[in-house]
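Chemist: Let me begin by handing over the structure; questions about it come next.
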Amino acid sequence: MDDLKRRLLQRIIRTMPTQMLKTTLSKWARLNIEQQESLDFTQPKFLLTDQLLALCGESGLGVKHITELEMIYIIDNPNQRLWHAYQLLEAGDDAHSVEVTNFKEQFKVHLTELIRHVSIKIKKHTDEAVWIRIAWGDRSSRPNHLKPTYVVHHLQTPYVFVTNLTSKTMPLLSQALVMATRYSSMKDANLSGRNLSAVRDLLMKQFQQVFPSKHLQPLGKKNQINSNPQIEREQDEQSETRLQIACEAFGGGTLPELQKAIYTLETKLKDNTNKIMTEREQPFRCVVTFKSTNILESLRHSAMTGIASTPVTPMLSSISQKGRNHFLITDKGPGPQRKL
Amino acid sequence: MDRHTSVARTPVSSVVVQRRSKSHRLSYRSNVGTMSHLGYTPGFSKRRLTTSRLAPKHSRITEVNPEQLALLVREWQLSYVTPLYRFRHGQLKSYSRQLAAFMVSEQQQGVAAEVGLESALKVSFTLVAGMAQTEEEANTVFIQIHSKPPFSAPDDPQKLLWSGWLTSVGGNPDYLRSLPEDFVCLPLFCSGGTEGLTALVKAWFQQTFDCCFGPLEINSVNLQWLAALWTDCHARSSIKQLKLVWSLPAEPPLEVTYTVHPQDAWELWRSIRQPGERGGEEEEDGSVGLEEVACFIKGLKSHFYRHFRVELSAGRLTQVSTALGSAKHGGRLKISNSSYMITTLTLLTECALLKMPI
Amino acid sequence: MSTLGVLGHLSKLETQARKRKEAPPQQSGLEELKATVEALVIQRDQLKAEIKANESVQKLRSEDPDQSTGGGEELGEGADGSDGSVNSQLLQLMARHAQLTDLLHAHHLIGGYDIIKTCQGNGLCVSLATSYEGVYLERYSLEIDVAPKLRITRHDVPTFVPLARLAEQGGALQTNLRGFLGSLSRHLNGYAGRKQQLKLVKEQHKSVEVMESNAPCSILILLMTVPQVKDIAVLCKLDYTDHTHCLPEEVTIQSEDKDLLETTQWKNNCTLLKETPLHKALATLIQSGDIK
């Protein structure tokens with residue numbers, strides 16, 4: 001147990017800058033002021049870990065408390081992980097009346113019914129989000145606190161954000177969530193990213209969407225794309241239109257930070273200069289990945305500068321409009337030709 | 001259509017040959033005329049080497065020797081080197097000692113301290129057999145720098161600090177022949193290790209063999225060549241995937257990775273190859289034309305454009321990789337399979353020769 | 001002051017005058033008649049002026065409907081001669097007012113939504129404004145494909161608004177676009193109203209702690225303090241079950257002091273919370289000293 005405490009603490013401390021560690025410890029409030037002040041933050045981190053462990057021993061703090069510390073840290077710094085979005089489907093009649101206490105209780109009951117060895121911690125954050133930390137065990141082993149799953153859910157919305165979930169634990173989580181939120185099922189929303197708030201904003205449509213309007217909005221000024229006043233002056237009507245189209249496709253203002261968009265293409269290669277390939281029955285299999293520090297901004301810029309032709313293809317505008325960044329594209333069927 | 005002989009036949013080269021005797025610093029560029037590097041204008045194809053290459057053959061070397069294996073392990077940073085003056089393959093042992101001494105003296109001058117040479121060094125120069133393609137071509141030289149920790153036992157494993165090699169594979173024989181006797185041409189320099197150490201090794205070479213080094217970038221055209229040549233190998237040795245990376249000048253910069261299923265990449269490549277014209281279905285003897293390479297890439301790009309309506313041509317091809325190897329625009333190379341190593345290195349040797357200043 | 005009104009008035013006066021003519025002249029009424037004439041002359045002049053003013057307004061509007069706002073005095077002069085700037089300004093304002101009234105009328109005719117055509121007429125873009133207590137709040141938009149059938153292609157409606165359900169309900173989107181937009185607008189206005197109230201509560205009543213709220217602002221839990229000898233904490237849960245409403249359907253109050261909640265005063269307070277916008281209800285409670 002002491003070893004687990006040490007390893008947990010080590011991992012938390014190793015990844016945290018000193019200043020952050022100080023504030024997190026005070027938020028944690030498990031050590032009294034004197035204890036907190038006695039900590040020497042200038043010493044090497046492995047020594048600091050030892051000192052903290054000793055203090056934890058002094059105050060009788062166990063694994064449970066240390067996971068709490070981890071949770072505080074993760075809630076404040078969610079962007080060091082890859083978050084996957086899931087969507088809850090078919091809300092039940094009473095879904096709108098679920099509130100936190102109720103949800104906490106239900107979730108714990110249902111999950112522990114499904115799996116005996118599991119450790120669950122739920123915390124309501126100030127931004128209305130419910131945070132869940134789950135350490136999974138299996139039939140014979142105790143919960144593994146070193147590989148916890150984190151789940152973020154805003155009550156009364158159909159989305160759930162999850163990090164570090166395995167295919168084995170996915171059905172369990174899904175069932176417990178569905179029951180606690182009074183929905184009927186949960187599916188992959190095909191969206192993932194390192195920036196939790198970006199993933200959330202995209203799905204909850206909390207970014208500036210631009211619609212066709214009678215009154216042309218001064219988008220150019222808002223976006224500050226050209227800082228050079230001369231270039232700005234030279235922007236003719238055409239580029240104004242391009243700007244409007246680009247913003248309609250990807251959004252206006254500062255856009256949510258997504259790092260990747262991945263398309264798996266299984267479509268026929270049609271090229272009128274290549275008869276052999278065009279006549280080939282099988283699809284041309286390839287995977288295309290767009291990467292940037294902010295792909296939506298990059299794509300919007302591409303549409304404005306003409307690297308991407310306008311009108312922008314739904315393949316690209318779906319990222320912001322549908323809130324997805326994983327796509328499988330096939331030729332199948334006359335109906336929804338593109339399985340977006 | 002052997003490209004070497006085609007060069008020899010042209011009158012241009014014979015004129016150049018006469019001039020050679022006068023200057024040992026003969027420009028390789030003057031020998032072969034405008035190169036593929038200037039883009040593909042398939043006008044006067046025959047004389048320009050890189051409009052056509054031999055399709056990759058399974059390496060002549062049936063058994064890969066251990067020295068060659070050393071070339072596969074890591075990713076290398078490429079440079080070109082001008083011919084080495086009075087380099088002797090017989091004196092590798094002495095060079096080992098000299099380079100070690102040089103490093104120590106630099107260390108004492110405080111230069112090497114920055115690159116972390118606290119412990120004793122062991123330098124070894126070795127020959128890598130079976131790389132040279134012709135009689136005239138010099139053998140490849142492989143260099144390793146190991147460190148001996150201060151308190152280690154004699155049989156403790158040594159830590160490899162740096163390795164690198166100088167090679168020439170399939171260099172133009174006319175050019176090689178034209179070099180004065182005292183010069184050895186090993187134009188391609190591959191280094192792996194810290195920049196500081198690489199700089200020291202380069203400095204020693206410059207000082208000892210009156211040569212100079214320069215960075216070797218692999219431009220778009222050559223990356224495309226590699227993509228095509230590697231794809232061509234798929235029928236004999238699986239390439240697992242063909243991965244091409246483009247960098248587009250958006251704000252913030254956009255990187256597009258295009259990974260093609262190996263079978264589909266190969267079928268696209270086959271559909272573009274013109275077997276009738278190129279003299280037969282025998283894959284072993286075909287040559288690959290620049291137009292075919294261009295057509296292959298164009299096919300890939302147009303498929304991309306049809307879906308995304310994004311112009312890849314607006315950006316730059318920065319990386320190509322398959323199970324056989326990977327190459328990056330910045331001049332980084334990894335060879336993962338020895339079988340087609342010769343093809344890759346031939347292309348890079350040519351790049352290095354072209355890059356050399358007059 | 002409409003044209004019809006003026007003409008009506010004139011005909012009324014005419015009839016009156018006719019009646020007078022028909023009546024037998026009265027000896028004693030000469031003075032009276034003179035006075036009447038005078039009055040009528042004044043009235044006629046007034047009416048003439050009104051007609052003129054109206055004509056000028058009409059002329060102003062037809063001349064340049066967009067610039068009638070510009071307060072250009074030249075325009076006034078053109079219409080009203082040398083009547084002075086006060087009059088001409090007044091005319092300008094009248095013209096503008098009439099124009100806006102017409103616009104508003106037209107706006108009501110299309111259901112009060114901003115609708116524009118997109119994609120060369122193959123699509124619509126509807127924009128719904130929300131407001132609460134006369135303050136305009138967020139605007140939400142829907143892009144709708146017209147052919148082959150109406151289909152929402154893009155929107156920025158918050159996820160918790162059951163857009164799909166509203167669109168499907170009785171084929172509302174296909175057959176009753178106005179009805180669909182109406183119910184959507186009620187949902188959006190309900191949300192905007194609740195959100196605005198919550199914002200105001202947080203701004204105006206710092207002593208009341210918002211313990212819990214959710215994305216649609218449909219469940220609120222407030223912590224209030226009742227000042228007594230010893231402060232008593234009261235938890236108040238407001239449940240807005242009907243998401244189109246800005247007032248809670250259910251208000252529950254919890255406190256350790258059970259007796260307090262049984263008082264008529266607090267029962268009235270509950271009713272107040274149910275029937276009055278939250279920030280106002282809290283203001284009343286604070287004012288009456290029921291809470292801090």
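Each chain in the structure tokens gets a letter, A, B and so on, in the order shown; residues start at 1 in every chain, and ligands are counted from 1 in the order they appear.
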Could you tell me, as a VMD selection string, which residues of range 129-191 of chain C DSSP assigns to strand (DSSP E) when given the backbone?
Modeler: chain C and resid 129 to 132 135 to 145 151 to 155
Chemist: Okay, now the selection with N, CA and C atoms, as a compact mmCIF listing (two decimals), in the first residue's frame?
Modeler:
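Output file again_12.txt follows:
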# COMPACT_ATOMS: atom_id res chain seq x y z
N ALA C 129 -33.96 35.87 -32.63
CA ALA C 129 -33.38 36.70 -31.57
C ALA C 129 -34.05 36.31 -30.26
N THR C 130 -33.30 36.39 -29.17
CA THR C 130 -33.92 36.16 -27.87
C THR C 130 -33.86 37.46 -27.09
N SER C 131 -34.80 37.58 -26.18
CA SER C 131 -34.77 38.78 -25.36
C SER C 131 -35.37 38.46 -24.01
N TYR C 132 -35.03 39.24 -23.04
CA TYR C 132 -35.64 39.08 -21.73
C TYR C 132 -35.81 40.46 -21.11
N VAL C 135 -34.51 43.35 -23.03
CA VAL C 135 -33.09 43.40 -23.40
C VAL C 135 -32.84 42.33 -24.46
N TYR C 136 -32.27 42.73 -25.55
CA TYR C 136 -31.96 41.75 -26.58
C TYR C 136 -30.77 40.91 -26.16
N LEU C 137 -30.92 39.59 -26.26
CA LEU C 137 -29.83 38.69 -25.87
C LEU C 137 -29.34 37.95 -27.11
N GLU C 138 -28.77 36.78 -26.90
CA GLU C 138 -28.17 36.06 -28.03
C GLU C 138 -29.13 35.86 -29.19
N ARG C 139 -28.50 35.68 -30.35
CA ARG C 139 -29.24 35.43 -31.56
C ARG C 139 -28.82 34.04 -32.02
N TYR C 140 -29.75 33.22 -32.40
CA TYR C 140 -29.41 31.87 -32.87
C TYR C 140 -29.83 31.73 -34.31
N SER C 141 -29.10 30.93 -35.05
CA SER C 141 -29.39 30.81 -36.48
C SER C 141 -29.53 29.35 -36.91
N LEU C 142 -30.33 29.17 -37.95
CA LEU C 142 -30.51 27.85 -38.54
C LEU C 142 -30.29 28.00 -40.03
N GLU C 143 -29.58 27.06 -40.61
CA GLU C 143 -29.49 27.06 -42.06
C GLU C 143 -30.31 25.87 -42.52
N ILE C 144 -31.22 26.14 -43.43
CA ILE C 144 -32.16 25.10 -43.85
C ILE C 144 -32.08 24.91 -45.35
N ASP C 145 -31.91 23.65 -45.77
CA ASP C 145 -31.96 23.31 -47.18
C ASP C 145 -33.41 23.19 -47.58
N ARG C 151 -34.60 20.65 -44.62
CA ARG C 151 -33.66 19.91 -43.77
C ARG C 151 -32.73 20.91 -43.12
N ILE C 152 -32.56 20.77 -41.81
CA ILE C 152 -31.65 21.69 -41.12
C ILE C 152 -30.22 21.23 -41.38
N THR C 153 -29.43 22.08 -42.01
CA THR C 153 -28.07 21.66 -42.33
C THR C 153 -27.07 22.13 -41.29
N ARG C 154 -27.39 23.20 -40.63
CA ARG C 154 -26.40 23.76 -39.72
C ARG C 154 -27.13 24.69 -38.77
N HIS C 155 -26.66 24.75 -37.55
CA HIS C 155 -27.32 25.64 -36.59
C HIS C 155 -26.39 25.89 -35.43
Chemist: What is the CA of Lys159 in chain B to CA of Ala120 in chain B distance in Å?
Modeler: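 It comes out at 10.9 Å.
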Chemist: To test your reading of the structure, identify every residue in range 94-308 of chain B that backbone DSSP assigns to alpha helix (DSSP H), and report it as a PyMOL selection string.
Modeler: chain B and resi 94-108+173-178+195-209+220-232+262-272+290-308
Chemist: May I have the residues within 9 Å of Ser183 in chain C as a PyMOL selection string, using only C-alpha atoms and disregarding those fewer than 4 positions away in the same chain?
Modeler: chain C and resi 166+178-179+187-188+244
Chemist: Can those selected residues be exported to a file as a PDB file, in the first residue's frame so that it contains C-alpha atoms?
Modeler:
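Saved the output as selection.pdb:
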ATOM      1  CA  LEU C 166     -39.201  19.942 -32.282  1.00  0.00           C
ATOM      2  CA  ARG C 178     -43.867  28.934 -38.469  1.00  0.00           C
ATOM      3  CA  GLY C 179     -45.090  26.669 -35.751  1.00  0.00           C
ATOM      4  CA  HIS C 187     -37.326  27.234 -25.947  1.00  0.00           C
ATOM      5  CA  LEU C 188     -34.554  29.675 -26.778  1.00  0.00           C
ATOM      6  CA  THR C 244     -39.840  27.244 -22.450  1.00  0.00           C
TER       7      THR C 244
END
Chemist: Enumerate, in order of chain and increasing residue number, the residues of chain A with an atom no farther than 8 Å from chain B, each with its shortest atom pair and distance in Å to one decimal, counting only C-alpha atoms, as a tab-separated table.
Modeler:
residue	atom	partner	partner_atom	distance
A:Leu269	CA	B:His303	CA	6.1
A:Lys270	CA	B:His303	CA	7.1
A:Asp271	CA	B:Gly299	CA	7.3
A:Asn274	CA	B:Ser271	CA	7.4
A:Ile276	CA	B:Ser271	CA	5.9
A:Met277	CA	B:Leu268	CA	6.6
A:Phe284	CA	B:Asp264	CA	5.9
A:Arg285	CA	B:His261	CA	5.5
A:Cys286	CA	B:Val260	CA	4.3
A:Val287	CA	B:Thr259	CA	5.1
A:Val288	CA	B:Tyr258	CA	4.6
A:Thr289	CA	B:Thr257	CA	5.0
A:Phe290	CA	B:Val256	CA	4.7
A:Lys291	CA	B:Glu255	CA	5.0
A:Ser292	CA	B:Leu254	CA	5.0
A:Thr293	CA	B:Pro252	CA	6.7
A:Asn294	CA	B:Pro252	CA	6.9
A:Ile295	CA	B:Leu254	CA	7.0
A:Glu297	CA	B:Pro252	CA	6.9
A:Ser298	CA	B:Glu251	CA	5.2
A:Leu299	CA	B:Ala250	CA	7.4
A:His301	CA	B:Ala250	CA	5.9
A:Ser302	CA	B:Ala250	CA	5.5
A:Ile307	CA	B:Glu311	CA	5.4
A:Ala308	CA	B:Val310	CA	4.1
A:Ser309	CA	B:Arg309	CA	5.5
A:Val312	CA	B:Arg309	CA	7.4
A:Thr313	CA	B:Phe308	CA	6.3
A:Met315	CA	B:Phe308	CA	6.4
A:Leu316	CA	B:Phe308	CA	6.8
Chemist: Any chance you can output those residues with N, CA and C atoms as a CSV table (one decimal), in the first residue's frame?
Modeler:
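out.csv, freshly written:
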chain,number,residue,atom,x,y,z
A,269,LEU,N,-10.7,5.5,-57.0
A,269,LEU,CA,-9.9,6.5,-57.6
A,269,LEU,C,-10.4,6.8,-59.0
A,270,LYS,N,-10.9,8.0,-59.1
A,270,LYS,CA,-11.4,8.4,-60.5
A,270,LYS,C,-10.5,9.4,-61.1
A,271,ASP,N,-9.9,9.1,-62.2
A,271,ASP,CA,-9.0,10.0,-62.8
A,271,ASP,C,-9.1,9.7,-64.3
A,274,ASN,N,-6.4,8.2,-66.1
A,274,ASN,CA,-5.9,6.8,-65.8
A,274,ASN,C,-7.1,5.8,-65.8
A,276,ILE,N,-7.0,2.5,-66.2
A,276,ILE,CA,-6.9,1.3,-65.4
A,276,ILE,C,-7.4,1.5,-64.0
A,277,MET,N,-7.0,2.5,-63.4
A,277,MET,CA,-7.5,2.7,-62.0
A,277,MET,C,-9.0,3.1,-61.9
A,284,PHE,N,-9.8,2.7,-53.5
A,284,PHE,CA,-8.5,3.1,-53.2
A,284,PHE,C,-8.4,3.4,-51.7
A,285,ARG,N,-7.6,2.6,-51.0
A,285,ARG,CA,-7.6,2.8,-49.6
A,285,ARG,C,-6.5,3.7,-49.1
A,286,CYS,N,-6.8,4.7,-48.4
A,286,CYS,CA,-5.8,5.6,-47.9
A,286,CYS,C,-6.3,6.3,-46.6
A,287,VAL,N,-5.4,6.8,-45.9
A,287,VAL,CA,-5.8,7.6,-44.7
A,287,VAL,C,-5.1,8.9,-44.8
A,288,VAL,N,-5.9,10.0,-44.6
A,288,VAL,CA,-5.4,11.3,-44.7
A,288,VAL,C,-5.6,12.0,-43.3
A,289,THR,N,-4.5,12.5,-42.9
A,289,THR,CA,-4.5,13.2,-41.6
A,289,THR,C,-4.1,14.7,-41.7
A,290,PHE,N,-4.9,15.6,-41.2
A,290,PHE,CA,-4.5,17.0,-41.2
A,290,PHE,C,-4.0,17.3,-39.8
A,291,LYS,N,-2.9,17.9,-39.7
A,291,LYS,CA,-2.3,18.2,-38.4
A,291,LYS,C,-1.9,19.6,-38.3
A,292,SER,N,-2.1,20.2,-37.1
A,292,SER,CA,-1.7,21.6,-36.9
A,292,SER,C,-1.9,21.9,-35.4
A,293,THR,N,-1.4,23.0,-35.0
A,293,THR,CA,-1.7,23.4,-33.6
A,293,THR,C,-3.1,23.7,-33.4
A,294,ASN,N,-3.8,24.1,-34.5
A,294,ASN,CA,-5.2,24.4,-34.5
A,294,ASN,C,-5.7,24.2,-35.9
A,295,ILE,N,-6.2,23.0,-36.2
A,295,ILE,CA,-6.6,22.7,-37.6
A,295,ILE,C,-7.7,23.6,-38.1
A,297,GLU,N,-8.3,26.7,-37.5
A,297,GLU,CA,-7.7,28.0,-37.9
A,297,GLU,C,-6.9,27.8,-39.2
A,298,SER,N,-6.1,26.7,-39.3
A,298,SER,CA,-5.3,26.5,-40.5
A,298,SER,C,-6.2,26.3,-41.7
A,299,LEU,N,-7.3,25.6,-41.5
A,299,LEU,CA,-8.2,25.3,-42.7
A,299,LEU,C,-8.9,26.6,-43.1
A,301,HIS,N,-7.8,29.6,-42.7
A,301,HIS,CA,-6.8,30.4,-43.4
A,301,HIS,C,-6.6,29.8,-44.8
A,302,SER,N,-6.5,28.5,-45.0
A,302,SER,CA,-6.4,27.9,-46.3
A,302,SER,C,-7.5,28.3,-47.2
A,307,ILE,N,-5.7,28.1,-50.8
A,307,ILE,CA,-5.1,26.8,-50.8
A,307,ILE,C,-6.2,25.7,-50.9
A,308,ALA,N,-7.3,26.1,-50.1
A,308,ALA,CA,-8.5,25.2,-50.2
A,308,ALA,C,-9.5,26.0,-51.0
A,309,SER,N,-10.0,25.3,-52.0
A,309,SER,CA,-11.0,25.9,-52.9
A,309,SER,C,-12.3,26.2,-52.2
A,312,VAL,N,-16.1,25.5,-49.6
A,312,VAL,CA,-15.4,24.5,-48.9
A,312,VAL,C,-16.2,23.2,-48.9
A,313,THR,N,-15.5,22.1,-49.2
A,313,THR,CA,-16.2,20.8,-49.2
A,313,THR,C,-16.7,20.5,-47.8
A,315,MET,N,-16.6,17.8,-46.5
A,315,MET,CA,-15.6,16.9,-45.8
A,315,MET,C,-14.8,17.7,-44.8
A,316,LEU,N,-14.5,19.0,-45.1
A,316,LEU,CA,-13.7,19.8,-44.1
A,316,LEU,C,-14.6,20.6,-43.2
Chemist: Within 8 Å of chain A, which residues of chain C show up? Give each one with its shortest atom-to-atom distance in Å (one decimal) and the two atoms involved, counting only C-alpha atoms, rows by chain then rising residue number, as CSV.
Modeler:
residue,atom,partner,partner_atom,distance
C:Ile116,CA,A:Ser213,CA,7.1
C:Thr118,CA,A:Pro212,CA,7.0
C:Cys125,CA,A:Pro212,CA,6.7
C:Ser141,CA,A:Phe211,CA,7.0
C:Glu143,CA,A:Phe211,CA,7.6
C:Arg154,CA,A:Gln321,CA,6.6
C:Asp156,CA,A:Lys205,CA,5.9
C:Val157,CA,A:Lys205,CA,7.4
C:Pro158,CA,A:Met204,CA,6.2
C:Thr159,CA,A:Met204,CA,5.6
C:Phe160,CA,A:Thr157,CA,5.3
C:Glu212,CA,A:Glu128,CA,7.4
C:Ser213,CA,A:Glu128,CA,6.5
C:Asn214,CA,A:Glu128,CA,5.8
C:Ala215,CA,A:Gln156,CA,6.8
C:Pro216,CA,A:Gln156,CA,7.2
C:Ile219,CA,A:Glu99,CA,7.6
C:Thr241,CA,A:Ser97,CA,7.5
Chemist: Residues near range 217-234 of chain B, anyone? I mean within 6 Å using only C-alpha atoms, not counting same-chain ones fewer than 4 positions away, as a CSV table (one decimal) with N, CA and C atoms, in the first residue's frame.
Modeler:
chain,number,residue,atom,x,y,z
B,238,SER,N,7.4,-6.2,-49.2
B,238,SER,CA,6.2,-5.4,-48.8
B,238,SER,C,6.7,-4.0,-48.3
B,239,ILE,N,6.0,-3.0,-48.8
B,239,ILE,CA,6.4,-1.6,-48.2
B,239,ILE,C,5.5,-1.2,-47.1
B,266,TRP,N,0.8,0.4,-55.1
B,266,TRP,CA,1.5,-0.3,-56.1
B,266,TRP,C,0.7,-0.4,-57.4
B,293,VAL,N,7.1,9.1,-62.6
B,293,VAL,CA,7.1,9.5,-61.2
B,293,VAL,C,6.1,10.7,-61.1
B,317,LEU,N,6.3,18.9,-50.4
B,317,LEU,CA,6.5,17.5,-49.9
B,317,LEU,C,7.6,17.4,-49.0
B,329,HIS,N,12.7,16.0,-46.0
B,329,HIS,CA,13.2,17.2,-46.7
B,329,HIS,C,14.5,17.8,-46.1
B,330,GLY,N,14.5,17.8,-44.8
B,330,GLY,CA,15.7,18.4,-44.1
B,330,GLY,C,17.0,17.6,-44.2
B,331,GLY,N,16.9,16.5,-45.0
B,331,GLY,CA,18.1,15.7,-45.2
B,331,GLY,C,18.3,14.6,-44.1
Chemist: Show me, as a count of residues only, the residues that have an atom within 6 Å of Ser52 in chain B when counting only C-alpha atoms, minus same-chain residues fewer than 5 positions from it.
Modeler: 3
Chemist: Applying 10 Å and only C-alpha atoms, which residues near Asn122 in chain C remain after dropping the ones on its own chain fewer than 2 positions away? List them as a VMD selection string.
Modeler: chain C and resid 117 to 120 124 144 to 148
Chemist: Go ahead and write the residues just picked, N, CA and C atoms, as a JSON list (two decimals), in the first residue's frame.
Modeler:
[["chain", "number", "residue", "atom", "x", "y", "z"],
["C", 117, "LYS", "N", -32.42, 34.29, -48.00],
["C", 117, "LYS", "CA", -32.16, 33.19, -48.93],
["C", 117, "LYS", "C", -30.67, 32.97, -49.02],
["C", 118, "THR", "N", -30.27, 31.70, -49.15],
["C", 118, "THR", "CA", -28.86, 31.41, -49.35],
["C", 118, "THR", "C", -28.73, 30.45, -50.51],
["C", 119, "CYS", "N", -27.51, 30.14, -50.89],
["C", 119, "CYS", "CA", -27.20, 29.17, -51.95],
["C", 119, "CYS", "C", -28.10, 29.39, -53.17],
["C", 120, "GLN", "N", -28.14, 30.55, -53.71],
["C", 120, "GLN", "CA", -28.95, 30.89, -54.87],
["C", 120, "GLN", "C", -30.39, 30.42, -54.71],
["C", 124, "LEU", "N", -32.31, 28.48, -46.82],
["C", 124, "LEU", "CA", -32.78, 29.60, -46.03],
["C", 124, "LEU", "C", -31.86, 29.74, -44.84],
["C", 144, "ILE", "N", -31.22, 26.14, -43.43],
["C", 144, "ILE", "CA", -32.16, 25.10, -43.85],
["C", 144, "ILE", "C", -32.08, 24.91, -45.35],
["C", 145, "ASP", "N", -31.91, 23.65, -45.77],
["C", 145, "ASP", "CA", -31.96, 23.31, -47.18],
["C", 145, "ASP", "C", -33.41, 23.19, -47.58],
["C", 146, "VAL", "N", -33.76, 23.71, -48.75],
["C", 146, "VAL", "CA", -35.17, 23.70, -49.15],
["C", 146, "VAL", "C", -35.52, 22.44, -49.93],
["C", 147, "ALA", "N", -34.65, 22.06, -50.85],
["C", 147, "ALA", "CA", -34.96, 20.91, -51.69],
["C", 147, "ALA", "C", -34.05, 19.74, -51.33],
["C", 148, "PRO", "N", -34.49, 18.49, -51.50],
["C", 148, "PRO", "CA", -35.84, 18.05, -51.92],
["C", 148, "PRO", "C", -36.88, 18.26, -50.83]]
Chemist: Find the residues near Asn337 in chain B: any atom within 12 Å, counting only C-alpha atoms, skip ones fewer than 3 places away on the same chain, and give them as a short mmCIF file (atom, residue, chain, number, x, y, z; two decimals) with N, CA and C atoms, in the first residue's frame.
Modeler:
data_model
loop_
_atom_site.label_atom_id
_atom_site.label_comp_id
_atom_site.auth_asym_id
_atom_site.auth_seq_id
_atom_site.Cartn_x
_atom_site.Cartn_y
_atom_site.Cartn_z
N HIS B 58 16.63 -6.19 -56.68
CA HIS B 58 17.01 -6.76 -55.41
C HIS B 58 18.52 -6.65 -55.36
N SER B 59 19.02 -6.23 -54.24
CA SER B 59 20.43 -5.94 -54.14
C SER B 59 21.30 -7.09 -54.64
N VAL B 64 23.83 -9.86 -46.55
CA VAL B 64 24.14 -8.55 -45.99
C VAL B 64 25.23 -8.74 -44.95
N GLN B 68 27.24 -3.58 -43.10
CA GLN B 68 26.10 -2.92 -43.75
C GLN B 68 24.92 -2.79 -42.79
N LEU B 69 24.78 -3.79 -41.95
CA LEU B 69 23.67 -3.73 -40.99
C LEU B 69 23.76 -2.48 -40.11
N ALA B 70 25.02 -2.10 -39.85
CA ALA B 70 25.21 -0.92 -39.00
C ALA B 70 24.60 0.32 -39.65
N LEU B 71 24.46 0.29 -40.98
CA LEU B 71 23.92 1.46 -41.68
C LEU B 71 22.40 1.55 -41.53
N LEU B 72 21.81 0.45 -41.08
CA LEU B 72 20.35 0.41 -41.03
C LEU B 72 19.77 0.91 -39.70
N VAL B 73 20.58 0.84 -38.66
CA VAL B 73 19.99 1.01 -37.33
C VAL B 73 19.29 2.33 -37.06
N ARG B 74 19.80 3.40 -37.56
CA ARG B 74 19.26 4.67 -37.11
C ARG B 74 18.95 5.65 -38.23
N TRP B 230 10.48 3.17 -54.21
CA TRP B 230 10.13 2.26 -53.12
C TRP B 230 8.83 1.51 -53.43
N CYS B 233 9.09 -1.51 -55.47
CA CYS B 233 9.62 -2.71 -54.82
C CYS B 233 8.54 -3.57 -54.19
N SER B 237 9.05 -6.97 -52.02
CA SER B 237 9.26 -6.80 -50.59
C SER B 237 8.23 -5.79 -50.11
N SER B 238 7.36 -6.23 -49.23
CA SER B 238 6.23 -5.38 -48.84
C SER B 238 6.70 -4.03 -48.30
N ILE B 239 6.05 -2.97 -48.76
CA ILE B 239 6.41 -1.64 -48.25
C ILE B 239 5.52 -1.25 -47.07
N SER B 321 7.86 7.93 -46.54
CA SER B 321 8.36 6.75 -45.84
C SER B 321 7.57 5.50 -46.18
N THR B 322 8.29 4.40 -46.19
CA THR B 322 7.71 3.08 -46.40
C THR B 322 8.48 2.15 -45.47
N ALA B 323 8.13 0.87 -45.53
CA ALA B 323 8.85 -0.08 -44.70
C ALA B 323 10.30 -0.19 -45.15
N LEU B 324 10.60 0.28 -46.34
CA LEU B 324 11.99 0.19 -46.83
C LEU B 324 12.86 1.31 -46.28
N GLY B 325 12.24 2.42 -45.95
CA GLY B 325 13.03 3.52 -45.42
C GLY B 325 12.22 4.78 -45.35
N SER B 326 12.85 5.82 -44.83
CA SER B 326 12.15 7.10 -44.82
C SER B 326 13.15 8.21 -45.11
N LYS B 334 16.48 7.30 -43.18
CA LYS B 334 16.57 6.03 -42.46
C LYS B 334 16.35 4.92 -43.47
N TYR B 340 17.00 -2.92 -50.74
CA TYR B 340 16.92 -1.88 -51.76
C TYR B 340 17.74 -0.65 -51.38
N MET B 341 18.70 -0.92 -50.49
CA MET B 341 19.56 0.15 -50.02
C MET B 341 20.31 0.81 -51.17
N ILE B 342 20.79 -0.02 -52.11
CA ILE B 342 21.63 0.48 -53.19
C ILE B 342 20.89 1.52 -54.03
N THR B 343 19.62 1.23 -54.33
CA THR B 343 18.82 2.15 -55.13
C THR B 343 18.72 3.52 -54.44
N THR B 344 18.40 3.47 -53.17
CA THR B 344 18.24 4.70 -52.40
C THR B 344 19.55 5.48 -52.36
#
